[in-house]
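In what follows, a structure is listed as structure tokens, so that the remarks can point back to it.
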Amino acid sequence: MRIISGKYKSRRLTAPKNLPVRPTTDMAKEGLFNILNNWYDIDDITVLDLFSGTGNISFEFGSRGNTQITSVDQHHGCINYINQISKELEFNINTIKADVFSFLEKHTGKYDVIFADPPYDFSDEQFAKIPELVWENNLLDEKGTLVVEHSQQTDLSNLPNFTQAKRYGGCMFSFFEL
């Protein structure tokens, strides 16, 4: 994986092979950040990265100057890797080892951007539970955006507050706003 822009532009990062992850492709990540850059001042927002895996999205925010990033993943190896790279690159990433659904049920913070990259083989009900918990617990700022990454076989357009979907290769981003 590669950091696309910012202080560490073009920096390649190699995650351990034993992590149960599927990092967002460079093409998809670049497309996503082109959209977010038009909507937000990236270095001045609060970010929640759910199912953060290798930290690919968190590292991109960090490289672009953001210092308010929280990454949540249940896998110990993923959290260790994010902490290692964060320390190495001097990113301010708060990592939380937790089941994402349990975290969302109990958490009370507010974020400008919430990014979720759950396993592509989630059921429709599992995908729907992500925005449902974000809305129920009022985790998104008034002008915030929830982005859920999924395969093109998954359609989230019927969920409340859906605004648009963007496709990059086999990857889709569904956007939700209040």
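Following the order of the structure tokens, first chain is A, next is B, and so on, with residues numbered from 1 inside each chain and ligands from 1 in the order they appear.
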>> Could you go through chain A and tell me which residues DSSP, when run on the backbone, assigns to helix (DSSP H, G or I), listing them as a PyMOL selection string?
In response: chain A and resi 26-39+42-44+56-63+76-89+100-106+124-136
>> List as a PyMOL selection string the protein and nucleic acid residues near Leu36 in chain A, meaning an atom at most 12 Å away when only C-alpha atoms are counted, but skip any in the same chain fewer than 2 places from it.
In response: chain A and resi 29-34+38-43+45+47+60-61+64+112-115+144-147+173+175
Would you write out, as JSON lines, a table of all residues in range 39-137 of chain A that have an atom no more than 10 Å from an atom of range 148-158 of chain A, listing for each the closest atom pair and the distance in Å to one decimal, considering only C-alpha atoms and ordering rows by chain and rising residue number?
{"residue": "A:Leu50", "atom": "CA", "partner": "A:Val148", "partner_atom": "CA", "distance": 9.3}
{"residue": "A:Ile114", "atom": "CA", "partner": "A:Val148", "partner_atom": "CA", "distance": 8.4}
{"residue": "A:Phe115", "atom": "CA", "partner": "A:Val148", "partner_atom": "CA", "distance": 6.0}
{"residue": "A:Ala116", "atom": "CA", "partner": "A:Val148", "partner_atom": "CA", "distance": 4.8}
{"residue": "A:Asp117", "atom": "CA", "partner": "A:Glu149", "partner_atom": "CA", "distance": 4.9}
{"residue": "A:Pro118", "atom": "CA", "partner": "A:Glu149", "partner_atom": "CA", "distance": 7.1}
{"residue": "A:Pro119", "atom": "CA", "partner": "A:His150", "partner_atom": "CA", "distance": 7.8}
{"residue": "A:Tyr120", "atom": "CA", "partner": "A:His150", "partner_atom": "CA", "distance": 5.6}
{"residue": "A:Asp121", "atom": "CA", "partner": "A:Ser151", "partner_atom": "CA", "distance": 8.6}
{"residue": "A:Phe122", "atom": "CA", "partner": "A:His150", "partner_atom": "CA", "distance": 9.0}
{"residue": "A:Ser123", "atom": "CA", "partner": "A:Thr154", "partner_atom": "CA", "distance": 8.9}
{"residue": "A:Asp124", "atom": "CA", "partner": "A:Thr154", "partner_atom": "CA", "distance": 7.5}
{"residue": "A:Phe127", "atom": "CA", "partner": "A:Leu156", "partner_atom": "CA", "distance": 7.9}
{"residue": "A:Ala128", "atom": "CA", "partner": "A:Leu156", "partner_atom": "CA", "distance": 7.6}
{"residue": "A:Ile130", "atom": "CA", "partner": "A:Val148", "partner_atom": "CA", "distance": 8.4}
{"residue": "A:Pro131", "atom": "CA", "partner": "A:Val148", "partner_atom": "CA", "distance": 8.6}
>> Just to confirm, what's the straight-line distance from CA of Ile79 in chain A to CA of Thr95 in chain A in Å (one decimal)?
In response: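 Atom-to-atom, CA of Ile79 in chain A and CA of Thr95 in chain A are spaced 6.4 Å apart.
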> So which residues of range 1-159 of chain A fall under strand (DSSP E) by DSSP, listed as a PyMOL selection string?
Replying inline: chain A and resi 47-50+69-73+93-97+111-116+140-151
Print the selection's residues with C-alpha atoms to a file, as a short mmCIF file (atom, residue, chain, number, x, y, z; two decimals), in the first residue's frame.
data_model
loop_
_atom_site.label_atom_id
_atom_site.label_comp_id
_atom_site.auth_asym_id
_atom_site.auth_seq_id
_atom_site.Cartn_x
_atom_site.Cartn_y
_atom_site.Cartn_z
CA VAL A 47 -11.96 11.26 11.81
CA LEU A 48 -13.19 7.84 12.92
CA ASP A 49 -11.75 4.90 10.95
CA LEU A 50 -13.78 1.73 11.59
CA ILE A 69 -7.88 10.34 14.07
CA THR A 70 -9.37 7.39 15.93
CA SER A 71 -8.87 3.91 14.46
CA VAL A 72 -10.93 0.94 15.64
CA ASP A 73 -10.23 -2.70 14.83
CA ILE A 93 -3.71 8.24 15.79
CA ASN A 94 -5.71 7.00 18.76
CA THR A 95 -6.13 3.23 18.34
CA ILE A 96 -8.87 1.22 20.00
CA LYS A 97 -8.92 -2.58 19.98
CA TYR A 111 -16.84 13.08 14.09
CA ASP A 112 -16.76 15.02 10.84
CA VAL A 113 -15.83 11.95 8.79
CA ILE A 114 -16.55 8.36 9.72
CA PHE A 115 -15.02 5.80 7.37
CA ALA A 116 -15.99 2.13 7.62
CA LEU A 140 -21.70 12.18 13.13
CA ASP A 141 -21.29 15.95 13.27
CA GLU A 142 -24.13 18.01 11.78
CA LYS A 143 -22.23 18.54 8.50
CA GLY A 144 -20.39 15.24 8.68
CA THR A 145 -20.15 12.33 6.26
CA LEU A 146 -20.25 8.59 6.81
CA VAL A 147 -18.45 6.61 4.10
CA VAL A 148 -18.88 2.84 3.88
CA GLU A 149 -16.62 0.84 1.58
CA HIS A 150 -18.08 -2.31 0.00
CA SER A 151 -18.00 -4.41 -3.13
#
